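*Asks:* One file: start_6.pdb (PDB, C-alpha atoms and all ligand atoms).
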```
ATOM      1  CA  MET A 572    -109.327  -7.829  69.232
ATOM      2  CA  VAL A 573    -109.360  -9.234  65.698
ATOM      3  CA  ASN A 574    -108.797  -6.652  62.975
ATOM      4  CA  SER A 575    -111.753  -7.240  60.669
ATOM      5  CA  ARG A 576    -110.965  -4.573  58.034
ATOM      6  CA  ARG A 577    -111.627  -5.921  54.553
ATOM      7  CA  MET A 578    -108.928  -4.997  52.106
ATOM      8  CA  LEU A 579    -109.829  -2.208  49.702
ATOM      9  CA  VAL A 580    -109.635  -2.448  45.922
ATOM     10  CA  VAL A 581    -110.011   0.894  44.157
ATOM     11  CA  VAL A 582    -111.120   0.658  40.530
ATOM     12  CA  ALA A 583    -110.215   3.981  38.935
ATOM     13  CA  ARG A 584    -113.038   3.816  36.385
ATOM     14  CA  VAL A 585    -114.870   0.569  35.576
ATOM     15  CA  LEU A 586    -114.246  -3.182  35.535
ATOM     16  CA  LEU A 587    -116.487  -5.805  33.908
ATOM     17  CA  PRO A 588    -118.430  -8.243  36.152
ATOM     18  CA  ALA A 589    -116.080 -11.115  35.172
ATOM     19  CA  GLY A 590    -113.433  -9.308  37.226
ATOM     20  CA  LEU A 591    -115.555  -7.261  39.575
ATOM     21  CA  ASP A 592    -117.583 -10.135  41.021
ATOM     22  CA  PRO A 593    -114.636 -12.200  42.325
ATOM     23  CA  LEU A 594    -113.110  -9.030  43.771
ATOM     24  CA  ARG A 595    -116.377  -8.067  45.503
ATOM     25  CA  ASP A 596    -116.612 -11.590  46.984
ATOM     26  CA  ARG A 597    -113.328 -11.034  48.786
ATOM     27  CA  PHE A 598    -112.689  -7.336  49.230
ATOM     28  CA  GLU A 599    -114.313  -3.950  49.607
ATOM     29  CA  VAL A 600    -114.442  -2.411  46.122
ATOM     30  CA  ARG A 601    -114.700   1.299  45.356
ATOM     31  CA  GLU A 602    -115.280   2.399  41.736
ATOM     32  CA  GLY A 603    -114.731   5.800  40.116
ATOM     33  CA  GLY A 604    -117.178   5.213  37.260
ATOM     34  CA  PHE A 605    -116.759   5.525  33.508
ATOM     35  CA  ASP A 606    -116.395   9.330  33.527
ATOM     36  CA  ALA A 607    -114.179   9.605  36.614
ATOM     37  CA  THR A 608    -112.006  12.702  36.386
ATOM     38  CA  ARG A 609    -108.435  12.799  37.621
ATOM     39  CA  ASP A 610    -109.624  14.642  40.752
ATOM     40  CA  ARG A 611    -112.269  12.005  41.423
ATOM     41  CA  VAL A 612    -109.717   9.211  41.038
ATOM     42  CA  LEU A 613    -107.343  10.952  43.463
ATOM     43  CA  GLU A 614    -110.229  11.412  45.886
ATOM     44  CA  ILE A 615    -111.272   7.730  45.948
ATOM     45  CA  ALA A 616    -107.726   6.317  45.897
ATOM     46  CA  GLY A 617    -107.011   6.829  49.629
ATOM     47  CA  GLY A 618    -106.475   3.603  51.578
ATOM     48  CA  ALA A 619    -106.285   1.326  48.537
ATOM     49  CA  ASP A 620    -104.580  -2.044  48.981
ATOM     50  CA  ALA A 621    -104.972  -2.598  45.230
ATOM     51  CA  PHE A 622    -105.570  -0.106  42.452
ATOM     52  CA  VAL A 623    -107.124  -1.072  39.101
ATOM     53  CA  ALA A 624    -106.167   1.226  36.224
ATOM     54  CA  ASP A 625    -106.772   1.144  32.477
ATOM     55  CA  PRO A 626    -104.983   2.758  29.512
ATOM     56  CA  SER A 627    -106.784   6.062  30.092
ATOM     57  CA  VAL A 628    -105.677   6.354  33.733
ATOM     58  CA  PRO A 629    -102.172   7.746  34.315
ATOM     59  CA  VAL A 630    -100.617   6.069  37.349
ATOM     60  CA  ASP A 631     -97.881   8.411  38.557
ATOM     61  CA  ALA A 632     -96.173   9.399  41.811
ATOM     62  CA  GLN A 633     -99.059  11.726  42.780
ATOM     63  CA  LEU A 634    -101.618   8.942  42.385
ATOM     64  CA  LEU A 635     -99.477   6.428  44.271
ATOM     65  CA  GLU A 636     -99.127   8.992  47.059
ATOM     66  CA  ALA A 637    -102.915   9.433  47.100
ATOM     67  CA  CYS A 638    -103.346   5.646  47.459
ATOM     68  CA  GLY A 639    -101.093   5.681  50.511
ATOM     69  CA  ASP A 640     -98.522   3.336  52.007
ATOM     70  CA  GLY A 641    -100.825   0.316  52.085
ATOM     71  CA  LEU A 642    -100.872  -0.012  48.290
ATOM     72  CA  ARG A 643     -99.517  -3.386  47.148
ATOM     73  CA  VAL A 644    -100.534  -3.741  43.523
ATOM     74  CA  VAL A 645    -101.475  -1.685  40.486
ATOM     75  CA  ALA A 646    -103.411  -4.017  38.183
ATOM     76  CA  ASN A 647    -103.697  -2.576  34.693
ATOM     77  CA  PHE A 648    -106.797  -3.592  32.734
ATOM     78  CA  ALA A 649    -104.729  -3.828  29.502
ATOM     79  CA  VAL A 650    -101.651  -5.520  28.134
ATOM     80  CA  GLY A 651     -99.977  -2.142  27.478
ATOM     81  CA  TYR A 652     -98.746  -0.322  30.568
ATOM     82  CA  ASP A 653     -97.369   2.935  29.185
ATOM     83  CA  ASN A 654     -99.864   4.742  31.456
ATOM     84  CA  VAL A 655     -98.036   3.407  34.526
ATOM     85  CA  ASP A 656     -94.860   4.973  35.932
ATOM     86  CA  LEU A 657     -92.999   1.714  36.601
ATOM     87  CA  ASP A 658     -90.075   3.402  38.377
ATOM     88  CA  ALA A 659     -92.400   5.181  40.800
ATOM     89  CA  CYS A 660     -94.141   1.853  41.523
ATOM     90  CA  LYS A 661     -90.817   0.048  42.015
ATOM     91  CA  GLN A 662     -89.608   2.740  44.385
ATOM     92  CA  ARG A 663     -92.660   2.199  46.582
ATOM     93  CA  GLY A 664     -92.452  -1.590  46.318
ATOM     94  CA  VAL A 665     -95.754  -1.749  44.448
ATOM     95  CA  VAL A 666     -96.286  -4.695  42.089
ATOM     96  CA  VAL A 667     -97.575  -3.856  38.584
ATOM     97  CA  THR A 668     -99.534  -6.391  36.510
ATOM     98  CA  ASN A 669    -101.109  -6.462  33.038
ATOM     99  CA  THR A 670    -103.393  -8.730  30.961
ATOM    100  CA  PRO A 671    -101.406 -10.440  28.177
ATOM    101  CA  ASP A 672    -102.500 -13.404  25.983
ATOM    102  CA  VAL A 673    -106.272 -13.121  26.421
ATOM    103  CA  LEU A 674    -106.434 -10.238  23.919
ATOM    104  CA  THR A 675    -103.922 -11.499  21.362
ATOM    105  CA  GLU A 676    -106.491 -12.979  18.984
ATOM    106  CA  ALA A 677    -108.930 -10.072  19.197
ATOM    107  CA  THR A 678    -106.273  -7.436  18.572
ATOM    108  CA  ALA A 679    -104.578  -9.338  15.743
ATOM    109  CA  GLU A 680    -107.952  -9.886  14.069
ATOM    110  CA  LEU A 681    -108.788  -6.201  14.376
ATOM    111  CA  ALA A 682    -105.431  -5.297  12.812
ATOM    112  CA  LEU A 683    -106.315  -7.611   9.924
ATOM    113  CA  ALA A 684    -109.771  -6.030   9.647
ATOM    114  CA  LEU A 685    -108.188  -2.568   9.507
ATOM    115  CA  THR A 686    -105.703  -3.791   6.916
ATOM    116  CA  LEU A 687    -108.559  -4.932   4.695
ATOM    117  CA  ALA A 688    -110.735  -1.900   5.424
ATOM    118  CA  ALA A 689    -107.973   0.618   4.697
ATOM    119  CA  GLY A 690    -106.509  -1.377   1.808
ATOM    120  CA  ARG A 691    -109.930  -1.583   0.128
ATOM    121  CA  ARG A 692    -110.960   2.058   0.894
ATOM    122  CA  MET A 693    -114.005   0.859   2.821
ATOM    123  CA  SER A 694    -114.537   4.043   4.877
ATOM    124  CA  ASP A 695    -114.508   6.346   1.850
ATOM    125  CA  ALA A 696    -116.770   3.969  -0.077
ATOM    126  CA  GLU A 697    -119.283   3.629   2.759
ATOM    127  CA  ARG A 698    -119.266   7.364   3.451
ATOM    128  CA  ASP A 699    -120.017   8.079  -0.205
ATOM    129  CA  LEU A 700    -122.803   5.512  -0.310
ATOM    130  CA  ARG A 701    -124.469   6.832   2.852
ATOM    131  CA  ALA A 702    -124.210  10.407   1.578
ATOM    132  CA  GLY A 703    -126.006   9.472  -1.664
ATOM    133  CA  ARG A 704    -122.881   9.964  -3.780
ATOM    134  CA  TRP A 705    -122.880   6.446  -5.305
ATOM    135  CA  ARG A 706    -123.708   6.787  -8.995
ATOM    136  CA  GLY A 707    -123.427   3.107  -9.932
ATOM    137  CA  TRP A 708    -120.795   0.453 -10.565
ATOM    138  CA  ASP A 709    -117.555   2.189 -11.414
ATOM    139  CA  PRO A 710    -114.572   0.148 -12.601
ATOM    140  CA  ALA A 711    -112.130   2.891 -11.612
ATOM    141  CA  ALA A 712    -113.424   3.720  -8.129
ATOM    142  CA  TYR A 713    -111.989   2.641  -4.760
ATOM    143  CA  ARG A 714    -109.336   0.380  -6.236
ATOM    144  CA  GLY A 715    -107.234  -1.103  -3.491
ATOM    145  CA  ILE A 716    -104.725  -3.806  -2.762
ATOM    146  CA  GLU A 717    -104.936  -7.545  -2.162
ATOM    147  CA  ILE A 718    -103.204  -9.233   0.738
ATOM    148  CA  ARG A 719    -102.307 -12.248  -1.393
ATOM    149  CA  GLY A 720     -99.045 -11.403  -3.088
ATOM    150  CA  SER A 721     -98.369  -8.359  -0.864
ATOM    151  CA  THR A 722     -95.455  -7.912   1.448
ATOM    152  CA  VAL A 723     -96.655  -7.271   4.982
ATOM    153  CA  GLY A 724     -94.276  -5.540   7.396
ATOM    154  CA  VAL A 725     -94.813  -6.268  11.082
ATOM    155  CA  VAL A 726     -93.166  -3.754  13.403
ATOM    156  CA  GLY A 727     -92.868  -5.539  16.753
ATOM    157  CA  MET A 728     -93.033  -9.336  16.461
ATOM    158  CA  GLY A 729     -94.462 -10.012  19.933
ATOM    159  CA  ARG A 730     -97.563 -12.085  20.648
ATOM    160  CA  ILE A 731     -99.997  -9.858  18.738
ATOM    161  CA  GLY A 732     -97.573  -9.132  15.882
ATOM    162  CA  HIS A 733     -96.922 -12.861  15.484
ATOM    163  CA  ARG A 734    -100.620 -13.731  15.373
ATOM    164  CA  TYR A 735    -101.295 -10.931  12.863
ATOM    165  CA  ALA A 736     -98.374 -12.139  10.711
ATOM    166  CA  ARG A 737     -99.839 -15.656  10.708
ATOM    167  CA  LEU A 738    -103.237 -14.390   9.582
ATOM    168  CA  ALA A 739    -101.683 -12.314   6.785
ATOM    169  CA  HIS A 740     -99.429 -15.217   5.776
ATOM    170  CA  VAL A 741    -102.399 -17.589   5.561
ATOM    171  CA  LEU A 742    -103.995 -15.082   3.158
ATOM    172  CA  GLY A 743    -100.908 -15.273   0.942
ATOM    173  CA  ALA A 744     -98.673 -12.404   2.127
ATOM    174  CA  GLU A 745     -94.911 -12.490   2.383
ATOM    175  CA  ILE A 746     -93.863 -11.423   5.882
ATOM    176  CA  VAL A 747     -91.031  -9.097   6.878
ATOM    177  CA  TYR A 748     -90.548  -7.849  10.417
ATOM    178  CA  ALA A 749     -88.556  -5.390  12.508
ATOM    179  CA  GLY A 750     -87.890  -5.526  16.212
ATOM    180  CA  PRO A 751     -85.211  -5.635  18.867
ATOM    181  CA  THR A 752     -84.780  -9.410  18.768
ATOM    182  CA  ALA A 753     -84.624 -12.010  16.006
ATOM    183  CA  LYS A 754     -87.481 -14.525  16.002
ATOM    184  CA  PRO A 755     -86.107 -17.689  14.405
ATOM    185  CA  GLU A 756     -89.336 -19.561  15.169
ATOM    186  CA  VAL A 757     -91.300 -17.038  13.080
ATOM    187  CA  GLU A 758     -88.696 -17.158  10.326
ATOM    188  CA  ASN A 759     -88.923 -20.975  10.227
ATOM    189  CA  GLU A 760     -92.696 -21.030  10.467
ATOM    190  CA  MET A 761     -93.522 -18.609   7.645
ATOM    191  CA  GLY A 762     -90.249 -17.684   5.985
ATOM    192  CA  ALA A 763     -90.379 -14.215   7.551
ATOM    193  CA  ARG A 764     -87.332 -11.980   7.052
ATOM    194  CA  ARG A 765     -86.045  -9.592   9.709
ATOM    195  CA  LEU A 766     -85.150  -6.127   8.388
ATOM    196  CA  GLU A 767     -84.064  -2.776   9.787
ATOM    197  CA  LEU A 768     -87.064  -0.441  10.094
ATOM    198  CA  ASP A 769     -86.212   1.629   6.990
ATOM    199  CA  GLY A 770     -85.714  -1.509   4.907
ATOM    200  CA  LEU A 771     -89.058  -2.866   6.120
ATOM    201  CA  LEU A 772     -90.880   0.375   5.278
ATOM    202  CA  GLU A 773     -89.426   0.312   1.771
ATOM    203  CA  ALA A 774     -90.122  -3.386   1.196
ATOM    204  CA  ALA A 775     -93.647  -3.604   2.604
ATOM    205  CA  ASP A 776     -96.938  -2.838   0.865
ATOM    206  CA  ILE A 777     -98.665  -2.960   4.258
ATOM    207  CA  VAL A 778     -97.076  -1.910   7.560
ATOM    208  CA  SER A 779     -98.725  -2.910  10.824
ATOM    209  CA  LEU A 780     -97.483  -1.565  14.170
ATOM    210  CA  HIS A 781     -97.326  -3.861  17.199
ATOM    211  CA  ALA A 782     -94.620  -2.234  19.315
ATOM    212  CA  PRO A 783     -95.077  -0.885  22.853
ATOM    213  CA  ALA A 784     -95.235   2.850  23.571
ATOM    214  CA  THR A 785     -91.892   3.904  25.024
ATOM    215  CA  ALA A 786     -89.649   6.958  24.764
ATOM    216  CA  GLU A 787     -87.810   5.151  21.935
ATOM    217  CA  THR A 788     -90.936   4.362  19.902
ATOM    218  CA  ARG A 789     -92.493   7.837  20.188
ATOM    219  CA  HIS A 790     -93.128   9.059  16.612
ATOM    220  CA  LEU A 791     -91.376   6.003  15.229
ATOM    221  CA  ILE A 792     -93.404   6.742  12.098
ATOM    222  CA  GLY A 793     -93.035  10.382  11.008
ATOM    223  CA  ALA A 794     -92.937  12.210   7.673
ATOM    224  CA  ARG A 795     -89.749  10.494   6.467
ATOM    225  CA  GLU A 796     -90.983   7.010   7.341
ATOM    226  CA  LEU A 797     -94.382   7.630   5.725
ATOM    227  CA  GLU A 798     -92.600   8.590   2.541
ATOM    228  CA  LEU A 799     -90.765   5.266   2.636
ATOM    229  CA  ILE A 800     -94.080   3.397   2.954
ATOM    230  CA  GLY A 801     -95.151   5.322  -0.125
ATOM    231  CA  ALA A 802     -98.140   6.364  -2.188
ATOM    232  CA  ASP A 803     -99.447   2.804  -2.600
ATOM    233  CA  GLY A 804     -98.652   1.681   0.943
ATOM    234  CA  VAL A 805    -101.022   1.052   3.840
ATOM    235  CA  LEU A 806    -100.244   1.859   7.486
ATOM    236  CA  VAL A 807    -102.144   0.116  10.298
ATOM    237  CA  ASN A 808    -101.837   1.065  13.959
ATOM    238  CA  THR A 809    -103.532  -0.963  16.691
ATOM    239  CA  ALA A 810    -100.678  -0.482  19.193
ATOM    240  CA  ARG A 811    -100.510   3.030  20.681
ATOM    241  CA  GLY A 812    -101.137   6.436  19.146
ATOM    242  CA  THR A 813     -97.784   7.856  20.173
ATOM    243  CA  LEU A 814     -95.985   5.578  17.686
ATOM    244  CA  VAL A 815     -97.199   7.754  14.812
ATOM    245  CA  ASP A 816     -96.835  11.496  14.274
ATOM    246  CA  SER A 817    -100.495  12.256  13.530
ATOM    247  CA  ASP A 818     -99.808  15.590  11.835
ATOM    248  CA  ALA A 819     -97.354  13.967   9.467
ATOM    249  CA  LEU A 820     -99.820  11.135   8.821
ATOM    250  CA  ALA A 821    -102.675  13.533   8.021
ATOM    251  CA  GLY A 822    -100.316  15.467   5.734
ATOM    252  CA  ALA A 823     -99.274  12.311   3.856
ATOM    253  CA  LEU A 824    -102.895  11.237   3.352
ATOM    254  CA  GLU A 825    -103.907  14.736   2.203
ATOM    255  CA  ALA A 826    -100.979  14.919  -0.224
ATOM    256  CA  GLY A 827    -101.485  11.381  -1.511
ATOM    257  CA  THR A 828     -97.942  10.371  -0.575
ATOM    258  CA  LEU A 829     -99.363   7.564   1.600
ATOM    259  CA  GLY A 830    -101.870   5.114   0.143
ATOM    260  CA  ALA A 831    -104.151   4.559   3.136
ATOM    261  CA  ALA A 832    -104.226   4.231   6.912
ATOM    262  CA  GLY A 833    -106.214   2.191   9.416
ATOM    263  CA  LEU A 834    -106.058   3.458  12.985
ATOM    264  CA  ASP A 835    -107.465   2.203  16.272
ATOM    265  CA  VAL A 836    -105.338   4.351  18.599
ATOM    266  CA  TYR A 837    -104.437   8.039  18.871
ATOM    267  CA  GLU A 838    -102.136  10.451  20.620
ATOM    268  CA  GLY A 839    -104.174  12.078  23.417
ATOM    269  CA  GLU A 840    -107.214   9.752  23.374
ATOM    270  CA  PRO A 841    -110.147  10.214  23.310
ATOM    271  CA  GLU A 842    -109.339  13.299  21.206
ATOM    272  CA  VAL A 843    -108.908  12.533  17.498
ATOM    273  CA  PRO A 844    -107.165  15.242  15.461
ATOM    274  CA  GLU A 845    -109.558  17.105  13.117
ATOM    275  CA  ARG A 846    -107.141  16.610  10.236
ATOM    276  CA  LEU A 847    -107.335  12.827  10.611
ATOM    277  CA  LEU A 848    -111.128  12.926  10.829
ATOM    278  CA  ALA A 849    -111.171  14.762   7.507
ATOM    279  CA  ALA A 850    -108.335  12.857   5.824
ATOM    280  CA  PRO A 851    -109.083  10.685   2.781
ATOM    281  CA  ARG A 852    -108.361   6.929   2.618
ATOM    282  CA  CYS A 853    -108.327   6.694   6.380
ATOM    283  CA  VAL A 854    -110.287   4.213   8.518
ATOM    284  CA  LEU A 855    -110.694   5.315  12.136
ATOM    285  CA  LEU A 856    -111.856   3.152  15.051
ATOM    286  CA  PRO A 857    -112.220   4.097  18.744
ATOM    287  CA  HIS A 858    -109.568   1.872  20.423
ATOM    288  CA  ILE A 859    -111.526  -1.387  20.107
ATOM    289  CA  GLY A 860    -108.629  -3.772  19.408
ATOM    290  CA  SER A 861    -109.449  -5.984  22.372
ATOM    291  CA  ALA A 862    -113.216  -5.431  22.238
ATOM    292  CA  THR A 863    -114.548  -8.962  21.881
ATOM    293  CA  VAL A 864    -116.553 -10.746  24.568
ATOM    294  CA  PRO A 865    -113.934 -13.437  25.299
ATOM    295  CA  SER A 866    -111.080 -10.965  25.243
ATOM    296  CA  ARG A 867    -112.565  -8.275  27.483
ATOM    297  CA  ASP A 868    -113.969 -10.861  29.935
ATOM    298  CA  GLY A 869    -110.578 -12.573  29.950
ATOM    299  CA  MET A 870    -108.870  -9.255  30.649
ATOM    300  CA  ALA A 871    -111.254  -8.511  33.541
ATOM    301  CA  ARG A 872    -110.654 -11.984  35.009
ATOM    302  CA  ALA A 873    -106.914 -11.499  34.655
ATOM    303  CA  VAL A 874    -107.147  -8.217  36.574
ATOM    304  CA  ALA A 875    -109.004 -10.005  39.385
ATOM    305  CA  ASP A 876    -106.531 -12.926  39.438
ATOM    306  CA  ASN A 877    -103.621 -10.516  39.629
ATOM    307  CA  VAL A 878    -105.179  -8.523  42.486
ATOM    308  CA  ILE A 879    -106.273 -11.599  44.450
ATOM    309  CA  THR A 880    -102.915 -13.356  44.216
ATOM    310  CA  VAL A 881    -100.946 -10.296  45.308
ATOM    311  CA  LEU A 882    -103.283  -9.485  48.185
ATOM    312  CA  GLU A 883    -103.127 -13.142  49.282
ATOM    313  CA  GLY A 884     -99.340 -12.960  49.291
ATOM    314  CA  ARG A 885     -98.740 -15.063  46.168
ATOM    315  CA  GLU A 886     -97.005 -14.369  42.848
ATOM    316  CA  PRO A 887     -99.466 -12.865  40.305
ATOM    317  CA  PRO A 888     -99.943 -14.592  36.918
ATOM    318  CA  SER A 889     -98.825 -11.574  34.899
ATOM    319  CA  ARG A 890     -96.377  -9.372  36.733
ATOM    320  CA  VAL A 891     -94.660  -6.503  34.922
ATOM    321  CA  VAL A 892     -92.538  -5.316  37.897
TER     322      VAL A 892
HETATM  323  C1  LIG A 901    -104.266  -2.963  25.747
HETATM  324  O1  LIG A 901    -104.604  -3.965  26.386
HETATM  325  O2  LIG A 901    -103.178  -2.428  25.884
HETATM  326  C2  LIG A 901    -105.246  -2.465  24.774
HETATM  327  O3  LIG A 901    -104.843  -1.319  24.137
HETATM  328  C3  LIG A 901    -106.581  -2.259  25.440
HETATM  329  O4  LIG A 901    -107.516  -2.585  24.481
END
```
Starting from the coordinates I provided, produce the structure as structure tokens.
Ligand code: DGY
*Replies:*
Amino acid sequence: MVNSRRMLVVVARVLLPAGLDPLRDRFEVREGGFDATRDRVLEIAGGADAFVADPSVPVDAQLLEACGDGLRVVANFAVGYDNVDLDACKQRGVVVTNTPDVLTEATAELALALTLAAGRRMSDAERDLRAGRWRGWDPAAYRGIEIRGSTVGVVGMGRIGHRYARLAHVLGAEIVYAGPTAKPEVENEMGARRLELDGLLEAADIVSLHAPATAETRHLIGARELELIGADGVLVNTARGTLVDSDALAGALEAGTLGAAGLDVYEGEPEVPERLLAAPRCVLLPHIGSATVPSRDGMARAVADNVITVLEGREPPSRVV
């Protein structure tokens, strides 16, 4: 008798039609829904041949166990994969994939938008206007920085960091960067200088984080580092919340020892610390770095391509392990 079982793809929460449709054409698809709890995800995971996660879904040994021995691929709907226990996946022979490239432009542009919004005090200004506190043109109010003539420090000169550096350079910034490897192509292209992190924090007027979340980068920016950025400096984080000690950041904004901050990511999302919500000179966005139509559709398609290739026995386009 022919075994006619269709392979099962479990989507922990949601996937856009650009990725869902090609998966549904080929496989059985089971979705947890936007508000799926951990228990719900564990409940629907059983029998999965492929599991689709996103940055809010921890993929650990317990979840892999719940999927069962048939699991062949964890396809993360994101370029970052700090939510996935890579060792646990390797041990079970499960492939892990991500969605690089398609979100580079969107995320770099959002980092630039946050740089401008924080550097020009846009949140405070808009809040005051909406609350009826605007009393007319004021030459002393909301004075910020200009990118032209500033030194921009890029922490993590990967794809997104490089694109962000280019955008800032085109606007007239001098670029310095820190990271584990030298990037001669970036140095040749825009005269960027590689510095140790402390040197970068001291030299830069604007610091933008583009490093992955790892044990080594946890609280890379704490009280001491914020002091180095200084009272006129701007910190932008579109990478992962764990890179910054949020208590220290709120303290520096409250005390005026940091100029401004623009954040798209937080420790413990979707919670945002009360102190940051109340902090002055702070622009806060809800993790929308990759939220453009081409980027999110591209990410969904990449998830589908990764799942399809693995389940068809081929090498996926973007394999992490
Ligand atoms: C990613 O892809 O890692 C982003 O944070 C999702 O927007």
*Asks:* Taking a cut-off of 8 Å and counting all atoms listed in the file, can you build a table that, for each residue of chain A near ligand LIG 901 (chain A), reports the nearest atom pair and how far apart they are in Å (one decimal), sorted by chain then residue number, as a Markdown table?
*Replies:*
```
| residue | atom | partner | partner_atom | distance |
| --- | --- | --- | --- | --- |
| A:Asp625 | CA | A:LIG901 | C3 | 7.8 |
| A:Pro626 | CA | A:LIG901 | O2 | 6.6 |
| A:Phe648 | CA | A:LIG901 | O1 | 6.7 |
| A:Ala649 | CA | A:LIG901 | O1 | 3.1 |
| A:Val650 | CA | A:LIG901 | O1 | 3.8 |
| A:Gly651 | CA | A:LIG901 | O2 | 3.6 |
| A:Tyr652 | CA | A:LIG901 | O2 | 6.8 |
| A:Asn669 | CA | A:LIG901 | O1 | 7.9 |
| A:Thr670 | CA | A:LIG901 | O1 | 6.7 |
| A:Pro671 | CA | A:LIG901 | O1 | 7.4 |
| A:Leu674 | CA | A:LIG901 | O1 | 7.0 |
| A:Thr678 | CA | A:LIG901 | O4 | 7.7 |
| A:Thr809 | CA | A:LIG901 | O3 | 7.6 |
| A:Ala810 | CA | A:LIG901 | O3 | 6.5 |
| A:Arg811 | CA | A:LIG901 | O3 | 7.0 |
| A:Val836 | CA | A:LIG901 | O3 | 7.9 |
| A:His858 | CA | A:LIG901 | O4 | 6.4 |
| A:Ile859 | CA | A:LIG901 | O4 | 6.1 |
| A:Gly860 | CA | A:LIG901 | O4 | 5.3 |
| A:Ser861 | CA | A:LIG901 | O4 | 4.4 |
| A:Ala862 | CA | A:LIG901 | O4 | 6.8 |
```
*Asks:* Can you list, as number ranges by chain, every protein, DNA or RNA residue that comes within 9 Å of A:Pro593 when you count only C-alpha atoms, leaving out same-chain residues fewer than 3 positions away?
*Replies:* A: 588-590, 596-598, 872, 875-876, 879
*Asks:* Within 7 Å of A:Leu814, counting only C-alpha atoms, which residues show up once you throw out same-chain ones fewer than 6 positions away? Write them as a PyMOL selection string, please.
*Replies:* chain A and resi 784+788-792
*Asks:* Take the PyMOL selection byres (((chain A and resi 801-808) around 6) and not hetatm), run it mentally on this structure, and tell me the resulting residues as a PDB file with C-alpha atoms, in the coordinates of the input.
*Replies:*
```
ATOM      1  CA  ASP A 776     -96.938  -2.838   0.865  1.00  0.00           C
ATOM      2  CA  ILE A 777     -98.665  -2.960   4.258  1.00  0.00           C
ATOM      3  CA  VAL A 778     -97.076  -1.910   7.560  1.00  0.00           C
ATOM      4  CA  SER A 779     -98.725  -2.910  10.824  1.00  0.00           C
ATOM      5  CA  LEU A 780     -97.483  -1.565  14.170  1.00  0.00           C
ATOM      6  CA  GLU A 798     -92.600   8.590   2.541  1.00  0.00           C
ATOM      7  CA  LEU A 799     -90.765   5.266   2.636  1.00  0.00           C
ATOM      8  CA  ILE A 800     -94.080   3.397   2.954  1.00  0.00           C
ATOM      9  CA  THR A 809    -103.532  -0.963  16.691  1.00  0.00           C
ATOM     10  CA  ALA A 810    -100.678  -0.482  19.193  1.00  0.00           C
ATOM     11  CA  THR A 828     -97.942  10.371  -0.575  1.00  0.00           C
ATOM     12  CA  LEU A 829     -99.363   7.564   1.600  1.00  0.00           C
ATOM     13  CA  GLY A 830    -101.870   5.114   0.143  1.00  0.00           C
ATOM     14  CA  ALA A 831    -104.151   4.559   3.136  1.00  0.00           C
ATOM     15  CA  ALA A 832    -104.226   4.231   6.912  1.00  0.00           C
ATOM     16  CA  GLY A 833    -106.214   2.191   9.416  1.00  0.00           C
ATOM     17  CA  LEU A 834    -106.058   3.458  12.985  1.00  0.00           C
TER      18      LEU A 834
END
```
*Asks:* Report, as AutoDock Vina command-line options, the axis-aligned box around all atoms of stretch 837-853 of chain A present in the file, extended by 6 Å on each side; give centre and edge lengths in Å to one decimal place.
*Replies:*
```
--center_x -106.7 --center_y 11.9 --center_z 13.0 --size_x 21.0 --size_y 22.4 --size_z 32.8
```
*Asks:* Between A:Met693, A:Leu683, A:Thr668, A:Gly770, which has the minimum distance to A:Ala739 (counting all atoms listed in the file)?
*Replies:*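 Going through A:Met693, A:Leu683, A:Thr668, A:Gly770 one by one, the smallest distance to A:Ala739 is for A:Leu683.
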*Asks:* Just how far from atom CA of A:Lys661 is atom CA of A:Val726, in Å to one decimal?
*Replies:* 29.0 Å
*Asks:* What is the atom CA of A:Ala682-atom CA of A:Val582 distance in Å, reported with one decimal?
*Replies:*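 Spanning atom CA of A:Ala682 to atom CA of A:Val582 is a straight-line distance of 28.9 Å.
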*Asks:* Taking (-87.4, -11.1, 14.0) in the coordinates of the supplied file, I want to know which residues reach to within 9 Å of it, counting all atoms listed in the file; could you give the answer as a ChimeraX atom specification?
*Replies:* /A:727-728,747-758,763-766
*Asks:* Show me, as number ranges by chain, the residues that have an atom within 12 Å of A:Leu738 when counting only C-alpha atoms, minus same-chain residues fewer than 5 positions from it.
*Replies:* A: 676-684, 686-687, 718-719, 723, 725, 731-733, 743-746, 761
*Asks:* Check which residues of stretch 808-885 of chain A sit at most 8 Å from stretch 606-623 of chain A using only C-alpha atoms, and return one row each with the closest pair of atoms and their distance in Å to one decimal, ordered by chain and rising number, as JSON lines.
*Replies:*
```
{"residue": "A:Val874", "atom": "CA", "partner": "A:Val623", "partner_atom": "CA", "distance": 7.6}
{"residue": "A:Val878", "atom": "CA", "partner": "A:Ala621", "partner_atom": "CA", "distance": 6.5}
{"residue": "A:Leu882", "atom": "CA", "partner": "A:Asp620", "partner_atom": "CA", "distance": 7.6}
```
*Asks:* Run the PyMOL selection byres (((chain A and resi 695-708) around 9) and not hetatm) mentally over the shown coordinates, then write out the matched residues as a list in words, using the chain letters and numbers from the document.
*Replies:*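 For this structure, the PyMOL selection byres (((chain A and resi 695-708) around 9) and not hetatm) resolves to Arg691, Arg692, Met693, Ser694, Asp709, Pro710, Ala712, Tyr713, Pro851, Arg852, Cys853 and Val854 of chain A.
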